$ cat start-v1.txt   # compact mmCIF, C-alpha atoms
# COMPACT_ATOMS: atom_id res chain seq x y z
CA MET A 1 23.08 18.33 -5.96
CA ALA A 2 20.45 18.08 -3.23
CA ALA A 3 19.95 14.80 -1.44
CA LEU A 4 17.17 12.68 -2.89
CA PRO A 5 14.19 11.84 -0.67
CA PRO A 6 13.87 8.26 0.59
CA LEU A 7 11.94 5.87 -1.65
CA ALA A 8 9.58 4.95 1.20
CA THR A 9 8.21 6.79 4.23
CA LYS A 10 8.33 6.20 7.96
CA GLU A 11 4.56 5.71 7.94
CA GLN A 12 4.83 3.03 5.24
CA LEU A 13 7.49 1.26 7.32
CA GLU A 14 5.28 1.34 10.41
CA ASP A 15 2.42 -0.15 8.38
CA TRP A 16 4.83 -2.74 6.91
CA LEU A 17 5.99 -3.76 10.40
CA GLN A 18 2.42 -3.60 11.73
CA VAL A 19 3.28 -1.27 14.59
CA PRO A 20 1.28 1.76 15.74
CA ARG A 21 1.87 5.00 13.84
CA GLY A 22 4.44 7.18 15.59
CA SER A 23 5.98 4.29 17.56
CA ALA A 24 9.09 3.81 15.39
CA PRO A 25 12.16 5.79 16.49
CA GLY A 26 12.29 8.68 14.00
CA ASN A 27 16.04 9.26 13.69
CA THR A 28 16.84 5.55 13.35
CA VAL A 29 14.08 4.92 10.80
CA ASN A 30 14.94 8.01 8.72
CA LEU A 31 18.61 7.03 8.59
CA ALA A 32 17.77 3.42 7.68
CA LEU A 33 15.33 4.58 4.94
CA ASP A 34 18.00 6.91 3.49
CA ILE A 35 20.61 4.12 3.47
CA ALA A 36 18.25 1.53 1.99
CA SER A 37 17.04 3.99 -0.66
CA ASP A 38 20.62 4.81 -1.65
CA MET A 39 21.50 1.12 -1.94
CA VAL A 40 18.45 0.44 -4.12
CA ARG A 41 19.17 3.45 -6.36
CA ARG A 42 22.80 2.40 -6.81
CA GLU A 43 21.90 -1.20 -7.63
CA ALA A 44 19.16 -0.15 -10.06
CA LYS A 45 21.38 2.62 -11.48
CA THR A 46 18.45 5.03 -11.46
CA THR A 47 17.08 7.67 -9.10
CA PHE A 48 13.37 6.78 -9.46
CA THR A 49 12.61 10.43 -10.12
CA VAL A 50 11.62 12.31 -13.28
CA ARG A 51 14.40 14.34 -14.86
CA THR A 52 15.35 15.95 -18.16
CA THR A 53 18.58 14.98 -19.90
CA THR A 54 20.38 16.36 -22.92
CA ALA A 55 23.02 14.04 -24.33
CA VAL A 56 24.61 12.89 -27.56
CA ARG A 57 23.38 9.38 -28.32
CA ARG A 58 24.52 6.88 -30.89
CA ALA A 59 22.06 5.68 -33.52
CA GLU A 60 22.17 2.00 -34.45
CA ASP A 61 20.17 0.86 -37.46
CA GLY A 62 18.20 4.11 -37.32
CA VAL A 63 17.25 3.72 -33.63
CA ILE A 64 18.47 5.86 -30.75
CA ARG A 65 18.02 4.15 -27.39
CA LEU A 66 17.28 6.39 -24.40
CA ALA A 67 17.29 5.90 -20.65
CA GLY A 68 13.70 5.43 -19.64
CA PRO A 69 10.98 5.21 -19.03
CA VAL A 70 10.70 8.02 -21.54
CA GLN A 71 8.00 10.56 -20.70
CA SER A 72 8.60 12.92 -23.62
CA VAL A 73 11.21 14.05 -26.16
CA GLY A 74 11.97 17.76 -26.37
CA ALA A 75 14.44 17.86 -29.26
CA VAL A 76 16.40 15.67 -31.64
CA VAL A 77 19.28 17.43 -33.43
CA VAL A 78 21.48 15.89 -36.16
CA ASP A 79 24.39 17.92 -37.56
CA GLY A 80 22.87 21.16 -36.24
CA VAL A 81 19.44 20.43 -37.81
CA THR A 82 16.48 20.11 -35.42
CA LEU A 83 14.35 17.19 -36.57
CA THR A 84 10.55 17.29 -36.61
CA GLU A 85 8.50 14.64 -34.84
CA GLY A 86 6.51 12.63 -37.36
CA PRO A 87 8.35 12.95 -40.64
CA ASP A 88 11.89 12.86 -39.18
CA TRP A 89 11.51 10.69 -36.04
CA GLU A 90 8.99 8.75 -33.93
CA LEU A 91 9.09 7.67 -30.31
CA GLU A 92 8.95 3.88 -29.93
CA GLY A 93 9.00 2.77 -26.30
CA ASP A 94 12.29 4.00 -24.87
CA GLY A 95 13.85 4.74 -28.23
CA ILE A 96 13.62 7.07 -31.19
CA ARG A 97 13.21 5.61 -34.66
CA LEU A 98 14.68 7.97 -37.20
CA GLY A 99 12.86 8.62 -40.47
CA HIS A 100 14.35 7.55 -43.81
CA ARG A 101 16.06 10.91 -44.40
CA PHE A 102 18.11 10.53 -41.20
CA ARG A 103 18.65 6.76 -40.87
CA TRP A 104 22.26 7.29 -41.96
CA CYS A 105 23.22 9.46 -38.98
CA ALA A 106 25.58 7.97 -36.41
CA ARG A 107 24.85 10.38 -33.56
CA ALA A 108 22.19 12.82 -32.45
CA ARG A 109 21.83 15.28 -29.60
CA VAL A 110 18.61 14.43 -27.79
CA THR A 111 16.76 16.21 -24.99
CA TRP A 112 14.22 13.99 -23.25
CA THR A 113 12.32 13.69 -19.99
CA HIS A 114 12.44 10.29 -18.35
CA GLY A 115 11.98 8.46 -15.08
CA TRP A 116 9.21 7.48 -12.72
CA PRO A 117 6.61 10.05 -11.62
CA VAL A 118 5.72 7.57 -8.83
CA VAL A 119 8.15 5.08 -7.27
CA PRO A 120 7.09 1.56 -8.37
CA MET A 121 5.50 -0.33 -5.47
CA GLU A 122 7.93 -3.23 -6.00
CA VAL A 123 10.79 -0.79 -5.27
CA VAL A 124 9.00 0.62 -2.21
CA GLY A 125 8.62 -2.95 -0.94
CA LEU A 126 12.32 -3.68 -1.43
CA VAL A 127 13.29 -0.51 0.48
CA LEU A 128 10.89 -1.44 3.27
CA ASP A 129 12.33 -4.99 3.46
CA VAL A 130 15.91 -3.72 3.75
CA THR A 131 14.92 -1.03 6.26
CA ALA A 132 12.90 -3.49 8.35
CA ARG A 133 15.86 -5.88 8.56
CA ALA A 134 18.08 -3.04 9.80
CA CYS A 135 15.55 -1.71 12.32
CA VAL A 136 14.18 -4.99 13.67
CA ASN A 137 17.55 -6.74 13.93
CA PRO A 138 20.17 -3.96 14.17
CA LYS A 139 22.79 -6.23 15.76
CA ASN A 140 22.52 -8.79 12.90
CA LEU A 141 21.64 -11.61 15.27
CA ARG A 142 20.62 -15.08 14.08
CA GLN A 143 19.12 -15.97 17.44
CA GLU A 144 18.57 -14.22 20.74
CA SER A 145 17.62 -15.75 24.10
CA THR A 146 16.66 -14.08 27.36
CA GLY A 147 15.53 -16.41 30.13
CA GLN A 148 12.59 -18.43 28.83
CA ARG A 149 12.20 -16.25 25.73
CA SER A 150 14.04 -17.18 22.52
CA VAL A 151 13.79 -15.44 19.14
CA THR A 152 15.16 -16.92 15.92
CA PHE A 153 15.24 -14.55 12.95
CA ALA A 154 13.65 -16.03 9.82
CA SER A 155 16.24 -14.91 7.31
CA GLU A 156 19.99 -14.74 7.18
CA THR A 157 21.42 -11.67 8.79
CA LEU A 158 21.57 -9.39 5.77
CA ALA A 159 20.90 -6.22 7.76
CA THR A 160 21.33 -3.24 5.44
CA SER A 161 22.43 -5.10 2.37
CA LEU A 162 20.61 -6.38 -0.67
CA ALA A 163 19.98 -10.09 -1.10
CA ASP A 164 20.66 -11.63 -4.52
CA VAL A 165 16.91 -11.98 -5.17
CA GLU A 166 16.48 -8.25 -4.47
CA LYS A 167 19.33 -7.39 -6.84
CA ASP A 168 17.67 -9.56 -9.49
CA LYS A 169 14.39 -7.67 -9.06
CA LEU A 170 16.17 -4.32 -9.46
CA ALA A 171 17.87 -5.43 -12.68
CA ARG A 172 14.70 -4.62 -14.66
CA TYR A 173 15.00 -0.95 -13.70
CA ARG A 174 18.58 -0.50 -14.94
CA PRO A 175 18.88 1.71 -18.02
CA VAL A 176 19.58 -0.18 -21.23
CA LEU A 177 21.09 2.23 -23.73
CA SER A 178 22.43 -0.12 -26.36
CA PRO A 179 23.18 -3.78 -26.96
CA THR A 180 26.28 -5.00 -25.12
CA SER A 181 27.96 -6.33 -28.24
CA ARG A 182 27.47 -6.40 -31.98
CA TRP A 183 28.91 -8.63 -34.64
CA ARG A 184 29.72 -6.85 -37.90

$ encode --input "start-v1.txt" --output "structure tokens"
Amino acid sequence: MAALPPLATKEQLEDWLQVPRGSAPGNTVNLALDIASDMVRREAKTTFTVRTTTAVRRAEDGVIRLAGPVQSVGAVVVDGVTLTEGPDWELEGDGIRLGHRFRWCARARVTWTHGWPVVPMEVVGLVLDVTARACVNPKNLRQESTGQRSVTFASETLATSLADVEKDKLARYRPVLSPTSRWR
């Protein structure tokens, strides 16, 4: 599988840091953007790209939950029968509601296209924050003094790691395929 592109660009980082275009060291910034993007994707458990998936999904109470955001559904197959949109199933948000004839089924093979055609700006901002921390303070210093000049960094030295508040923000992008528990 080919490497995914970073979720933000060098130019966006330069704008974020308010430095002149072309002044950021290319190799360092590209590596930091790749690392930050990978960390964000892993925490969110999504690639922030559009892709097509075919998988067998469980139906609960006549609803099949899909990883989203769902862009389109190509096929829904139950016991070898391809269902028809409208009479047999309807797309509701990031799930498929089966029609009365098929509410009994436990599993269906579904092909659907899902993901983000454009990376959400909140995610771009998180990647830029993590990258900026790594590039502006690569030695993870709390404070630095040289002669009469002293710099104290405003945040804890997180460098290329995600803060708890950033992890909380990414939680909304994690796929939710089914409830975590059910009482029967």

$ closest_atom_pairs --input "start-v1.txt" --of "stretch 35-148 of chain A" --to "stretch 10-31 of chain A" --cutoff "7 Å" --atoms "all atoms listed in the file" --output "Markdown table"
| residue | atom | partner | partner_atom | distance |
| --- | --- | --- | --- | --- |
| A:Ile35 | CA | A:Leu31 | CA | 6.2 |
| A:Leu128 | CA | A:Leu13 | CA | 5.9 |
| A:Cys135 | CA | A:Val29 | CA | 7.0 |

$ residues_near_point --input "start-v1.txt" --point "(7.4, 14.0, -36.0)" --cutoff "12 Å" --atoms "all atoms listed in the file" --output "PyMOL selection string"
chain A and resi 73-76+82-92+96-99

$ residues_around --input "start-v1.txt" --residues "A:Phe48" --least-positions-apart "2" --cutoff "7 Å" --atoms "only C-alpha atoms" --output "PyMOL selection string"
chain A and resi 46+50+115-116+119

$ atom_distance --input "start-v1.txt" --atom1 "atom CA of A:Glu122" --atom2 "atom CA of A:Tyr173"
10.7 Å

$ closest_residue --input "start-v1.txt" --among "A:Thr9, A:Gln148, A:Thr131, A:Thr52" --to "A:Gln71" --atoms "all atoms listed in the file"
A:Thr52

$ atom_distance --input "start-v1.txt" --atom1 "atom CA of A:Arg172" --atom2 "atom CA of A:Arg103"
28.8 Å

$ residues_around --input "start-v1.txt" --residues "A:Val70" --least-positions-apart "6" --cutoff "8 Å" --atoms "only C-alpha atoms" --output "list of chain:residue names"
A:Gly93, A:Asp94, A:Trp112, A:Thr113, A:His114, A:Gly115

$ atom_distance --input "start-v1.txt" --atom1 "atom CA of A:Arg174" --atom2 "atom CA of A:Lys45"
5.4 Å

$ closest_residue --input "start-v1.txt" --among "A:Ala108, A:Val165, A:Val123, A:Ala67" --to "A:Ser37" --atoms "only C-alpha atoms"
A:Val123

$ closest_residue --input "start-v1.txt" --among "A:Gly80, A:Ala44, A:Asp34, A:Ala8" --to "A:Ala171" --atoms "all atoms listed in the file"
A:Ala44

$ closest_residue --input "start-v1.txt" --among "A:Thr111, A:Val56, A:Val40, A:Phe102" --to "A:Ser72" --atoms "all atoms listed in the file"
A:Thr111

$ closest_residue --input "start-v1.txt" --among "A:Ala59, A:Leu66, A:Ala163, A:Val78" --to "A:Asp129" --atoms "all atoms listed in the file"
A:Ala163

$ closest_residue --input "start-v1.txt" --among "A:Cys105, A:Leu4, A:Leu162, A:Val110" --to "A:Glu43" --atoms "all atoms listed in the file"
A:Leu162

$ build_atoms --input "start-v1.txt" --residues "stretch 86-97 of chain A" --atoms "N, CA, C and O atoms" --output "short mmCIF file (atom, residue, chain, number, x, y, z; two decimals), keeping the file's coordinate frame"
data_model
loop_
_atom_site.label_atom_id
_atom_site.label_comp_id
_atom_site.auth_asym_id
_atom_site.auth_seq_id
_atom_site.Cartn_x
_atom_site.Cartn_y
_atom_site.Cartn_z
N GLY A 86 7.42 13.07 -36.30
CA GLY A 86 6.51 12.63 -37.36
C GLY A 86 7.28 12.29 -38.61
O GLY A 86 7.62 11.13 -38.82
N PRO A 87 7.63 13.29 -39.42
CA PRO A 87 8.35 12.95 -40.64
C PRO A 87 9.81 12.54 -40.40
O PRO A 87 10.34 11.70 -41.13
N ASP A 88 10.47 13.11 -39.37
CA ASP A 88 11.89 12.86 -39.18
C ASP A 88 12.19 11.82 -38.09
O ASP A 88 13.23 11.16 -38.13
N TRP A 89 11.30 11.68 -37.10
CA TRP A 89 11.51 10.69 -36.04
C TRP A 89 10.19 10.37 -35.35
O TRP A 89 9.24 11.14 -35.39
N GLU A 90 10.16 9.18 -34.72
CA GLU A 90 8.99 8.75 -33.93
C GLU A 90 9.49 8.09 -32.66
O GLU A 90 10.51 7.39 -32.67
N LEU A 91 8.77 8.31 -31.58
CA LEU A 91 9.09 7.67 -30.31
C LEU A 91 8.52 6.26 -30.32
O LEU A 91 7.35 6.06 -30.60
N GLU A 92 9.37 5.28 -30.04
CA GLU A 92 8.95 3.88 -29.93
C GLU A 92 9.46 3.34 -28.61
O GLU A 92 10.65 3.05 -28.47
N GLY A 93 8.57 3.24 -27.62
CA GLY A 93 9.00 2.77 -26.30
C GLY A 93 10.02 3.72 -25.72
O GLY A 93 9.78 4.90 -25.57
N ASP A 94 11.21 3.19 -25.42
CA ASP A 94 12.29 4.00 -24.87
C ASP A 94 13.35 4.29 -25.92
O ASP A 94 14.54 4.39 -25.62
N GLY A 95 12.92 4.43 -27.15
CA GLY A 95 13.85 4.74 -28.23
C GLY A 95 13.21 5.64 -29.27
O GLY A 95 11.99 5.82 -29.31
N ILE A 96 14.07 6.21 -30.10
CA ILE A 96 13.62 7.07 -31.19
C ILE A 96 13.97 6.37 -32.50
O ILE A 96 15.12 5.99 -32.72
N ARG A 97 12.97 6.17 -33.33
CA ARG A 97 13.21 5.61 -34.66
C ARG A 97 13.29 6.77 -35.63
O ARG A 97 12.35 7.55 -35.78
#
